[in-house]
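Novice: Dropping in entry_32.pdb, with PDB, C-alpha atoms.
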ATOM      1  CA  MET I 215      -3.118 -11.559 -18.221  1.00  0.00           C
ATOM      2  CA  ASN I 216      -3.489 -14.296 -15.637  1.00  0.00           C
ATOM      3  CA  ALA I 217      -0.606 -14.901 -13.244  1.00  0.00           C
ATOM      4  CA  ARG I 218       1.411 -17.993 -14.021  1.00  0.00           C
ATOM      5  CA  LEU I 219       0.883 -20.985 -11.773  1.00  0.00           C
ATOM      6  CA  ASP I 220       3.382 -21.516  -8.966  1.00  0.00           C
ATOM      7  CA  HIS I 221       4.350 -25.173  -8.576  1.00  0.00           C
ATOM      8  CA  ARG I 222       5.061 -24.494  -4.879  1.00  0.00           C
ATOM      9  CA  SER I 223       1.426 -23.673  -4.185  1.00  0.00           C
ATOM     10  CA  PRO I 224      -0.239 -26.566  -2.265  1.00  0.00           C
ATOM     11  CA  LEU I 225      -3.262 -26.533  -4.582  1.00  0.00           C
ATOM     12  CA  VAL I 226      -1.185 -26.649  -7.779  1.00  0.00           C
ATOM     13  CA  PHE I 227      -0.444 -30.146  -9.123  1.00  0.00           C
ATOM     14  CA  ASP I 228       2.108 -31.412 -11.644  1.00  0.00           C
ATOM     15  CA  THR I 229       1.040 -33.867 -14.377  1.00  0.00           C
ATOM     16  CA  ARG I 230       4.397 -34.369 -16.147  1.00  0.00           C
ATOM     17  CA  GLU I 231       4.744 -37.943 -14.882  1.00  0.00           C
ATOM     18  CA  LEU I 232       1.669 -38.904 -16.897  1.00  0.00           C
ATOM     19  CA  GLY I 233       3.186 -37.804 -20.186  1.00  0.00           C
ATOM     20  CA  ARG I 234       0.521 -37.786 -22.842  1.00  0.00           C
ATOM     21  CA  ARG I 235      -0.176 -41.478 -22.837  1.00  0.00           C
ATOM     22  CA  PRO I 236      -3.954 -41.984 -22.767  1.00  0.00           C
ATOM     23  CA  GLY I 237      -4.762 -44.258 -19.864  1.00  0.00           C
ATOM     24  CA  ALA I 238      -1.743 -43.289 -17.751  1.00  0.00           C
ATOM     25  CA  LEU I 239      -2.795 -42.963 -14.133  1.00  0.00           C
ATOM     26  CA  LYS I 240      -1.433 -41.273 -11.025  1.00  0.00           C
ATOM     27  CA  ARG I 241      -2.862 -41.105  -7.505  1.00  0.00           C
ATOM     28  CA  VAL I 242      -2.045 -38.214  -5.190  1.00  0.00           C
ATOM     29  CA  SER I 243      -2.859 -37.640  -1.524  1.00  0.00           C
ATOM     30  CA  ARG I 244      -2.109 -34.275   0.015  1.00  0.00           C
ATOM     31  CA  SER I 245      -3.069 -32.232   3.064  1.00  0.00           C
ATOM     32  CA  VAL I 246      -3.540 -28.526   2.310  1.00  0.00           C
ATOM     33  CA  GLU I 247      -4.680 -25.445   4.195  1.00  0.00           C
ATOM     34  CA  ALA I 248      -8.094 -24.106   3.314  1.00  0.00           C
ATOM     35  CA  PRO I 249      -8.147 -20.855   1.346  1.00  0.00           C
ATOM     36  CA  ARG I 250     -10.167 -17.929   2.652  1.00  0.00           C
ATOM     37  CA  ASP I 251     -13.937 -17.619   2.198  1.00  0.00           C
ATOM     38  CA  LEU I 252     -14.463 -21.331   1.626  1.00  0.00           C
ATOM     39  CA  GLY I 253     -18.138 -21.543   2.510  1.00  0.00           C
ATOM     40  CA  ASN I 254     -21.415 -19.663   2.562  1.00  0.00           C
ATOM     41  CA  GLU I 255     -22.902 -17.114   4.966  1.00  0.00           C
ATOM     42  CA  VAL I 256     -23.640 -19.576   7.796  1.00  0.00           C
ATOM     43  CA  ILE I 257     -21.158 -22.462   7.487  1.00  0.00           C
ATOM     44  CA  GLY I 258     -17.801 -23.235   5.916  1.00  0.00           C
ATOM     45  CA  VAL I 259     -14.194 -24.346   6.297  1.00  0.00           C
ATOM     46  CA  LEU I 260     -12.158 -21.938   8.399  1.00  0.00           C
ATOM     47  CA  GLU I 261      -9.225 -20.334   6.619  1.00  0.00           C
ATOM     48  CA  GLY I 262      -6.083 -22.365   7.259  1.00  0.00           C
ATOM     49  CA  ALA I 263      -7.953 -25.464   8.440  1.00  0.00           C
ATOM     50  CA  PRO I 264      -6.630 -28.754   7.010  1.00  0.00           C
ATOM     51  CA  ILE I 265      -8.255 -30.292   3.941  1.00  0.00           C
ATOM     52  CA  GLU I 266      -7.332 -33.857   3.073  1.00  0.00           C
ATOM     53  CA  LEU I 267      -7.228 -34.431  -0.681  1.00  0.00           C
ATOM     54  CA  ASP I 268      -7.305 -37.779  -2.465  1.00  0.00           C
ATOM     55  CA  LEU I 269      -6.899 -37.362  -6.235  1.00  0.00           C
ATOM     56  CA  ARG I 270      -6.866 -39.612  -9.256  1.00  0.00           C
ATOM     57  CA  LEU I 271      -5.144 -38.085 -12.302  1.00  0.00           C
ATOM     58  CA  GLU I 272      -5.817 -39.840 -15.587  1.00  0.00           C
ATOM     59  CA  SER I 273      -4.352 -38.917 -18.943  1.00  0.00           C
ATOM     60  CA  VAL I 274      -6.940 -38.835 -21.722  1.00  0.00           C
ATOM     61  CA  MET I 275      -6.829 -37.784 -25.371  1.00  0.00           C
ATOM     62  CA  ASP I 276      -7.242 -34.044 -24.846  1.00  0.00           C
ATOM     63  CA  GLY I 277      -5.953 -33.519 -21.323  1.00  0.00           C
ATOM     64  CA  VAL I 278      -5.962 -34.818 -17.764  1.00  0.00           C
ATOM     65  CA  LEU I 279      -9.131 -35.960 -16.020  1.00  0.00           C
ATOM     66  CA  VAL I 280      -8.982 -35.195 -12.292  1.00  0.00           C
ATOM     67  CA  THR I 281     -11.303 -37.087  -9.959  1.00  0.00           C
ATOM     68  CA  GLY I 282     -11.097 -36.673  -6.226  1.00  0.00           C
ATOM     69  CA  THR I 283     -12.479 -35.975  -2.775  1.00  0.00           C
ATOM     70  CA  GLY I 284     -11.748 -33.216  -0.310  1.00  0.00           C
ATOM     71  CA  ARG I 285     -12.376 -33.939   3.376  1.00  0.00           C
ATOM     72  CA  ALA I 286     -12.563 -31.157   5.941  1.00  0.00           C
ATOM     73  CA  THR I 287     -14.237 -30.018   9.141  1.00  0.00           C
ATOM     74  CA  VAL I 288     -16.810 -27.305   8.591  1.00  0.00           C
ATOM     75  CA  LYS I 289     -18.007 -24.934  11.287  1.00  0.00           C
ATOM     76  CA  GLY I 290     -20.958 -22.598  11.493  1.00  0.00           C
ATOM     77  CA  GLU I 291     -24.139 -22.022  13.439  1.00  0.00           C
ATOM     78  CA  CYS I 292     -27.587 -23.581  13.553  1.00  0.00           C
ATOM     79  CA  VAL I 293     -30.068 -21.449  11.620  1.00  0.00           C
ATOM     80  CA  ARG I 294     -32.797 -22.255  14.175  1.00  0.00           C
ATOM     81  CA  CYS I 295     -31.161 -21.812  17.577  1.00  0.00           C
ATOM     82  CA  LEU I 296     -27.910 -20.031  16.543  1.00  0.00           C
ATOM     83  CA  GLU I 297     -25.763 -22.505  18.503  1.00  0.00           C
ATOM     84  CA  PRO I 298     -22.310 -23.285  17.013  1.00  0.00           C
ATOM     85  CA  LEU I 299     -22.070 -26.542  15.097  1.00  0.00           C
ATOM     86  CA  GLU I 300     -19.294 -28.619  13.606  1.00  0.00           C
ATOM     87  CA  ARG I 301     -19.330 -31.566  11.217  1.00  0.00           C
ATOM     88  CA  GLU I 302     -17.173 -33.483   8.778  1.00  0.00           C
ATOM     89  CA  LEU I 303     -17.688 -32.832   5.073  1.00  0.00           C
ATOM     90  CA  ASP I 304     -16.730 -34.914   2.026  1.00  0.00           C
ATOM     91  CA  ALA I 305     -16.764 -32.970  -1.239  1.00  0.00           C
ATOM     92  CA  ASP I 306     -16.456 -35.040  -4.425  1.00  0.00           C
ATOM     93  CA  PHE I 307     -15.418 -33.514  -7.740  1.00  0.00           C
ATOM     94  CA  GLN I 308     -14.341 -34.367 -11.265  1.00  0.00           C
ATOM     95  CA  GLU I 309     -12.820 -31.919 -13.729  1.00  0.00           C
ATOM     96  CA  MET I 310     -11.119 -32.097 -17.112  1.00  0.00           C
ATOM     97  CA  PHE I 311      -7.970 -29.976 -17.611  1.00  0.00           C
ATOM     98  CA  ALA I 312      -7.257 -29.686 -21.330  1.00  0.00           C
ATOM     99  CA  TYR I 313      -3.837 -29.574 -22.969  1.00  0.00           C
ATOM    100  CA  PRO I 314      -2.976 -26.083 -24.287  1.00  0.00           C
ATOM    101  CA  ASP I 315      -2.789 -27.347 -27.880  1.00  0.00           C
ATOM    102  CA  ALA I 316      -6.277 -28.784 -27.463  1.00  0.00           C
ATOM    103  CA  ASP I 317      -7.518 -25.191 -27.416  1.00  0.00           C
ATOM    104  CA  ALA I 318      -8.308 -25.198 -31.158  1.00  0.00           C
ATOM    105  CA  ARG I 319     -10.232 -28.466 -30.897  1.00  0.00           C
ATOM    106  CA  VAL I 320     -12.187 -27.135 -27.914  1.00  0.00           C
ATOM    107  CA  HIS I 321     -13.133 -24.028 -29.877  1.00  0.00           C
ATOM    108  CA  GLU I 322     -14.165 -26.141 -32.857  1.00  0.00           C
ATOM    109  CA  ASP I 323     -16.255 -28.525 -30.746  1.00  0.00           C
ATOM    110  CA  ALA I 324     -17.850 -25.707 -28.777  1.00  0.00           C
ATOM    111  CA  GLY I 325     -18.930 -23.898 -31.936  1.00  0.00           C
ATOM    112  CA  ASP I 326     -20.886 -20.794 -30.999  1.00  0.00           C
ATOM    113  CA  ASP I 327     -21.370 -21.857 -27.377  1.00  0.00           C
ATOM    114  CA  ALA I 328     -19.195 -19.232 -25.693  1.00  0.00           C
ATOM    115  CA  GLU I 329     -20.264 -20.377 -22.231  1.00  0.00           C
ATOM    116  CA  ASP I 330     -18.768 -23.862 -22.737  1.00  0.00           C
ATOM    117  CA  GLU I 331     -15.595 -22.266 -24.043  1.00  0.00           C
ATOM    118  CA  GLU I 332     -15.237 -20.041 -20.965  1.00  0.00           C
ATOM    119  CA  ASP I 333     -15.792 -22.979 -18.605  1.00  0.00           C
ATOM    120  CA  THR I 334     -12.925 -25.001 -20.091  1.00  0.00           C
ATOM    121  CA  LEU I 335      -9.868 -25.287 -17.819  1.00  0.00           C
ATOM    122  CA  PHE I 336      -6.398 -25.734 -19.312  1.00  0.00           C
ATOM    123  CA  LEU I 337      -3.098 -27.123 -18.116  1.00  0.00           C
ATOM    124  CA  GLU I 338      -0.281 -24.611 -17.888  1.00  0.00           C
ATOM    125  CA  ASP I 339       3.234 -26.026 -18.259  1.00  0.00           C
ATOM    126  CA  ASP I 340       1.759 -29.398 -17.225  1.00  0.00           C
ATOM    127  CA  LEU I 341       0.380 -27.794 -14.035  1.00  0.00           C
ATOM    128  CA  PHE I 342      -3.199 -27.251 -12.919  1.00  0.00           C
ATOM    129  CA  ASP I 343      -4.726 -25.231 -10.091  1.00  0.00           C
ATOM    130  CA  LEU I 344      -7.296 -27.209  -8.116  1.00  0.00           C
ATOM    131  CA  GLU I 345      -8.576 -24.294  -6.006  1.00  0.00           C
ATOM    132  CA  PRO I 346     -11.546 -23.200  -8.179  1.00  0.00           C
ATOM    133  CA  VAL I 347     -12.672 -26.815  -8.588  1.00  0.00           C
ATOM    134  CA  LEU I 348     -12.325 -27.531  -4.860  1.00  0.00           C
ATOM    135  CA  ARG I 349     -14.097 -24.308  -3.947  1.00  0.00           C
ATOM    136  CA  ASP I 350     -17.103 -25.109  -6.139  1.00  0.00           C
ATOM    137  CA  ALA I 351     -17.285 -28.677  -4.804  1.00  0.00           C
ATOM    138  CA  VAL I 352     -17.159 -27.642  -1.139  1.00  0.00           C
ATOM    139  CA  VAL I 353     -19.700 -24.825  -1.494  1.00  0.00           C
ATOM    140  CA  LEU I 354     -22.128 -27.101  -3.347  1.00  0.00           C
ATOM    141  CA  ALA I 355     -21.740 -29.814  -0.685  1.00  0.00           C
ATOM    142  CA  LEU I 356     -22.490 -27.449   2.209  1.00  0.00           C
ATOM    143  CA  PRO I 357     -26.020 -27.326   3.642  1.00  0.00           C
ATOM    144  CA  MET I 358     -27.784 -24.044   2.915  1.00  0.00           C
ATOM    145  CA  GLN I 359     -29.793 -24.285   6.157  1.00  0.00           C
ATOM    146  CA  PRO I 360     -27.559 -26.138   8.663  1.00  0.00           C
ATOM    147  CA  VAL I 361     -29.169 -27.286  11.916  1.00  0.00           C
ATOM    148  CA  CYS I 362     -27.581 -28.705  15.070  1.00  0.00           C
ATOM    149  CA  GLN I 363     -30.101 -31.556  14.955  1.00  0.00           C
ATOM    150  CA  ASP I 364     -32.945 -32.394  12.607  1.00  0.00           C
ATOM    151  CA  ASP I 365     -35.632 -31.727  15.231  1.00  0.00           C
ATOM    152  CA  CYS I 366     -34.081 -28.570  16.693  1.00  0.00           C
ATOM    153  CA  PRO I 367     -37.035 -26.541  18.055  1.00  0.00           C
ATOM    154  CA  GLY I 368     -35.189 -23.235  17.719  1.00  0.00           C
ATOM    155  CA  LEU I 369     -35.665 -20.205  19.954  1.00  0.00           C
ATOM    156  CA  CYS I 370     -38.692 -18.898  21.818  1.00  0.00           C
ATOM    157  CA  SER I 371     -40.237 -16.175  19.697  1.00  0.00           C
ATOM    158  CA  ASP I 372     -41.167 -14.184  22.824  1.00  0.00           C
ATOM    159  CA  CYS I 373     -37.971 -14.199  24.909  1.00  0.00           C
ATOM    160  CA  GLY I 374     -35.325 -15.896  22.747  1.00  0.00           C
ATOM    161  CA  VAL I 375     -34.549 -18.778  25.122  1.00  0.00           C
ATOM    162  CA  ARG I 376     -33.219 -21.971  23.461  1.00  0.00           C
ATOM    163  CA  LEU I 377     -36.171 -24.369  23.538  1.00  0.00           C
ATOM    164  CA  ALA I 378     -34.015 -27.513  23.425  1.00  0.00           C
ATOM    165  CA  ASP I 379     -32.627 -26.535  26.855  1.00  0.00           C
ATOM    166  CA  ASP I 380     -36.098 -26.072  28.344  1.00  0.00           C
ATOM    167  CA  PRO I 381     -38.666 -28.332  26.613  1.00  0.00           C
ATOM    168  CA  ASP I 382     -41.461 -27.177  28.982  1.00  0.00           C
ATOM    169  CA  HIS I 383     -40.818 -23.499  28.354  1.00  0.00           C
ATOM    170  CA  HIS I 384     -43.944 -21.517  27.477  1.00  0.00           C
ATOM    171  CA  HIS I 385     -45.663 -18.195  27.974  1.00  0.00           C
ATOM    172  CA  ASP I 386     -49.311 -17.740  28.957  1.00  0.00           C
ATOM    173  CA  ALA I 387     -50.966 -16.516  25.828  1.00  0.00           C
ATOM    174  CA  VAL I 388     -53.229 -13.500  26.198  1.00  0.00           C
ATOM    175  CA  ASP I 389     -56.030 -13.043  23.696  1.00  0.00           C
ATOM    176  CA  ILE I 390     -55.552  -9.553  22.284  1.00  0.00           C
ATOM    177  CA  ARG I 391     -59.351  -9.144  22.321  1.00  0.00           C
ATOM    178  CA  TRP I 392     -59.265  -9.206  26.142  1.00  0.00           C
ATOM    179  CA  ALA I 393     -56.113  -7.139  26.568  1.00  0.00           C
ATOM    180  CA  ALA I 394     -58.062  -3.827  26.663  1.00  0.00           C
ATOM    181  CA  LEU I 395     -60.511  -5.183  29.222  1.00  0.00           C
ATOM    182  CA  GLN I 396     -57.639  -6.376  31.413  1.00  0.00           C
ATOM    183  CA  GLY I 397     -56.168  -2.891  31.318  1.00  0.00           C
ATOM    184  CA  LEU I 398     -59.561  -1.424  32.206  1.00  0.00           C
ATOM    185  CA  ALA I 399     -59.921  -3.876  35.073  1.00  0.00           C
ATOM    186  CA  GLY I 400     -56.555  -2.780  36.430  1.00  0.00           C
ATOM    187  CA  THR I 401     -57.625   0.862  36.234  1.00  0.00           C
ATOM    188  CA  VAL I 402     -60.873   0.117  38.084  1.00  0.00           C
ATOM    189  CA  LYS I 403     -59.002  -1.718  40.838  1.00  0.00           C
ATOM    190  CA  ASP I 404     -56.631   1.193  41.251  1.00  0.00           C
ATOM    191  CA  GLY I 405     -59.597   3.534  41.477  1.00  0.00           C
ATOM    192  CA  GLU I 406     -61.261   1.381  44.101  1.00  0.00           C
ATOM    193  CA  LYS I 407     -58.089   1.430  46.195  1.00  0.00           C
ATOM    194  CA  ASP I 408     -57.994   5.240  46.000  1.00  0.00           C
ATOM    195  CA  ASN I 409     -61.661   5.495  47.033  1.00  0.00           C
ATOM    196  CA  MET I 410     -61.122   3.112  49.912  1.00  0.00           C
ATOM    197  CA  SER I 411     -58.142   5.132  51.109  1.00  0.00           C
ATOM    198  CA  GLY I 412     -60.230   8.303  50.976  1.00  0.00           C
ATOM    199  CA  ALA I 413     -63.083   6.691  52.879  1.00  0.00           C
ATOM    200  CA  GLU I 414     -60.744   5.391  55.577  1.00  0.00           C
ATOM    201  CA  ALA I 415     -59.248   8.845  55.949  1.00  0.00           C
ATOM    202  CA  GLY I 416     -62.749  10.336  56.413  1.00  0.00           C
ATOM    203  CA  VAL I 417     -63.610   7.816  59.095  1.00  0.00           C
ATOM    204  CA  ASP I 418     -60.412   8.612  60.963  1.00  0.00           C
ATOM    205  CA  GLU I 419     -61.219  12.336  60.836  1.00  0.00           C
ATOM    206  CA  LYS I 420     -64.698  11.709  62.294  1.00  0.00           C
ATOM    207  CA  GLN I 421     -63.305   9.608  65.102  1.00  0.00           C
ATOM    208  CA  GLU I 422     -60.827  12.348  66.007  1.00  0.00           C
ATOM    209  CA  LYS I 423     -63.699  14.846  66.283  1.00  0.00           C
TER     210      LYS I 423
END
Let me see the structure of the file written as structure tokens.
Specialist:
Amino acid sequence: MNARLDHRSPLVFDTRELGRRPGALKRVSRSVEAPRDLGNEVIGVLEGAPIELDLRLESVMDGVLVTGTGRATVKGECVRCLEPLERELDADFQEMFAYPDADARVHEDAGDDAEDEEDTLFLEDDLFDLEPVLRDAVVLALPMQPVCQDDCPGLCSDCGVRLADDPDHHHDAVDIRWAALQGLAGTVKDGEKDNMSGAEAGVDEKQEK
């Protein structure tokens, strides 16, 4: 059994003023706190952050058509350079909440399409819960790959420095085909130094004699 809707919840709205007169209209503006986990892995609305809602409730034959926009500040990090980012988001949505006695008609119209039947939202004591609709709208409006700027160069693959802070940053590339020879050259130089040290020591010994 689903818990009954609480009219005191900020995301629960009352439609009793509309009656059941098709064409009756009501506009609602409300500021609510964002529920938890309103976003994806890299960007979203922080829990408790304000969301400004502008709704249009319209009575139709089988229920109430809700059209609206949710405005909020989203925060996350750039997927290229990992710097924090912040931007304003407008999430538009439209959803039909059916009258409870429209249930039979919905079943009849849906026929064997169980998926359509499960997706239907119903009014409960003239109340509806906007949270699932708002959540879907916000998540769909969020960028999957947010960037701090369109041409963000990201991080250096060698040392991890943020390239936007140092446009001239680079590393001298070493051809791996020469890497072994460079190591050999270093070994030869070390050997030459040892030989030279030995020779100098011999000369000093001869001079002492």
Novice: The PyMOL selection byres ((chain I and resi 345-347) around 12) on the file shown: which residues, as an MDAnalysis selection string?
Specialist: chainID I and resid 219 223:227 246:252 265 267 280:284 305:311 333:335 342:344 348:354
Novice: Could you check the closest approach to I:Glu300 for each of I:Ala312, I:Gln363, I:Val278, I:Ser273 and tell me which residue wins, using all atoms listed in the file?
Specialist: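 Using all atoms listed in the file, I:Glu300 sits closest to I:Gln363.
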Novice: Which of these, I:Gly233, I:Arg218, I:Asp276, I:Val293, has the shortest distance to I:Met358 once you count all atoms listed in the file?
Specialist: I:Val293
Novice: Would you kindly translate the PyMOL selection byres ((chain I and resi 371) around 12) into the concrete residues it picks from this file, as a list in words?
Specialist: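 Selected by the PyMOL selection byres ((chain I and resi 371) around 12) in this file: Arg294, Cys295, Pro367, Gly368, Leu369, Cys370, Asp372, Cys373, Gly374, Val375, Arg376, Leu377, His383, His384 and His385 of chain I.
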Novice: Measuring atom to atom with only C-alpha atoms, identify which of I:Gly277, I:Pro360, I:Gly262, I:Pro381 is nearest to I:Gly290.
Specialist: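 Looking at the shortest contact to I:Gly290, the residue is I:Pro360.
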Novice: Figure out the distance between atom CA of I:Leu303 and atom CA of I:Glu272, please, to one decimal in Å.
Specialist: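 Interatomic distance here is 24.8 Å.
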Novice: Between atom CA of I:Arg241 and atom CA of I:Asp268, what is the distance in Å, rounded to a tenth?
Specialist: 7.5 Å
Novice: So how far away is atom CA of I:Asn254 from atom CA of I:Leu299, in Å?
Specialist: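 Computed distance, atom CA of I:Leu299 to atom CA of I:Asn254, equals 14.3 Å.
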Novice: Can you sort out stretch 217-233 of chain I so it carries N, CA and C atoms, written as a CSV table (one decimal), keeping the file's coordinate frame?
Specialist:
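The resulting result05.csv:
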chain,number,residue,atom,x,y,z
I,217,ALA,N,-1.9,-14.6,-13.8
I,217,ALA,CA,-0.6,-14.9,-13.2
I,217,ALA,C,-0.3,-16.4,-13.5
I,218,ARG,N,1.0,-16.6,-13.7
I,218,ARG,CA,1.4,-18.0,-14.0
I,218,ARG,C,1.3,-18.8,-12.7
I,219,LEU,N,1.0,-20.1,-12.9
I,219,LEU,CA,0.9,-21.0,-11.8
I,219,LEU,C,2.2,-21.2,-11.1
I,220,ASP,N,2.2,-21.3,-9.8
I,220,ASP,CA,3.4,-21.5,-9.0
I,220,ASP,C,3.4,-23.0,-8.5
I,221,HIS,N,4.3,-23.8,-8.9
I,221,HIS,CA,4.4,-25.2,-8.6
I,221,HIS,C,4.5,-25.4,-7.1
I,222,ARG,N,4.9,-24.4,-6.3
I,222,ARG,CA,5.1,-24.5,-4.9
I,222,ARG,C,3.7,-24.3,-4.1
I,223,SER,N,2.7,-23.8,-4.8
I,223,SER,CA,1.4,-23.7,-4.2
I,223,SER,C,0.8,-25.0,-3.9
I,224,PRO,N,0.3,-25.2,-2.7
I,224,PRO,CA,-0.2,-26.6,-2.3
I,224,PRO,C,-1.4,-27.0,-3.1
I,225,LEU,N,-2.1,-26.1,-3.8
I,225,LEU,CA,-3.3,-26.5,-4.6
I,225,LEU,C,-2.9,-26.6,-6.1
I,226,VAL,N,-1.6,-26.5,-6.4
I,226,VAL,CA,-1.2,-26.6,-7.8
I,226,VAL,C,-0.5,-28.0,-7.9
I,227,PHE,N,-0.9,-28.8,-8.9
I,227,PHE,CA,-0.4,-30.1,-9.1
I,227,PHE,C,0.3,-30.3,-10.5
I,228,ASP,N,1.3,-31.2,-10.5
I,228,ASP,CA,2.1,-31.4,-11.6
I,228,ASP,C,1.7,-32.7,-12.3
I,229,THR,N,1.5,-32.7,-13.6
I,229,THR,CA,1.0,-33.9,-14.4
I,229,THR,C,2.1,-34.4,-15.3
I,230,ARG,N,3.4,-34.0,-15.2
I,230,ARG,CA,4.4,-34.4,-16.1
I,230,ARG,C,4.7,-35.9,-16.1
I,231,GLU,N,4.5,-36.5,-15.0
I,231,GLU,CA,4.7,-37.9,-14.9
I,231,GLU,C,3.8,-38.8,-15.8
I,232,LEU,N,2.6,-38.2,-16.1
I,232,LEU,CA,1.7,-38.9,-16.9
I,232,LEU,C,2.1,-38.9,-18.4
I,233,GLY,N,2.9,-37.9,-18.8
I,233,GLY,CA,3.2,-37.8,-20.2
I,233,GLY,C,1.9,-37.5,-20.9
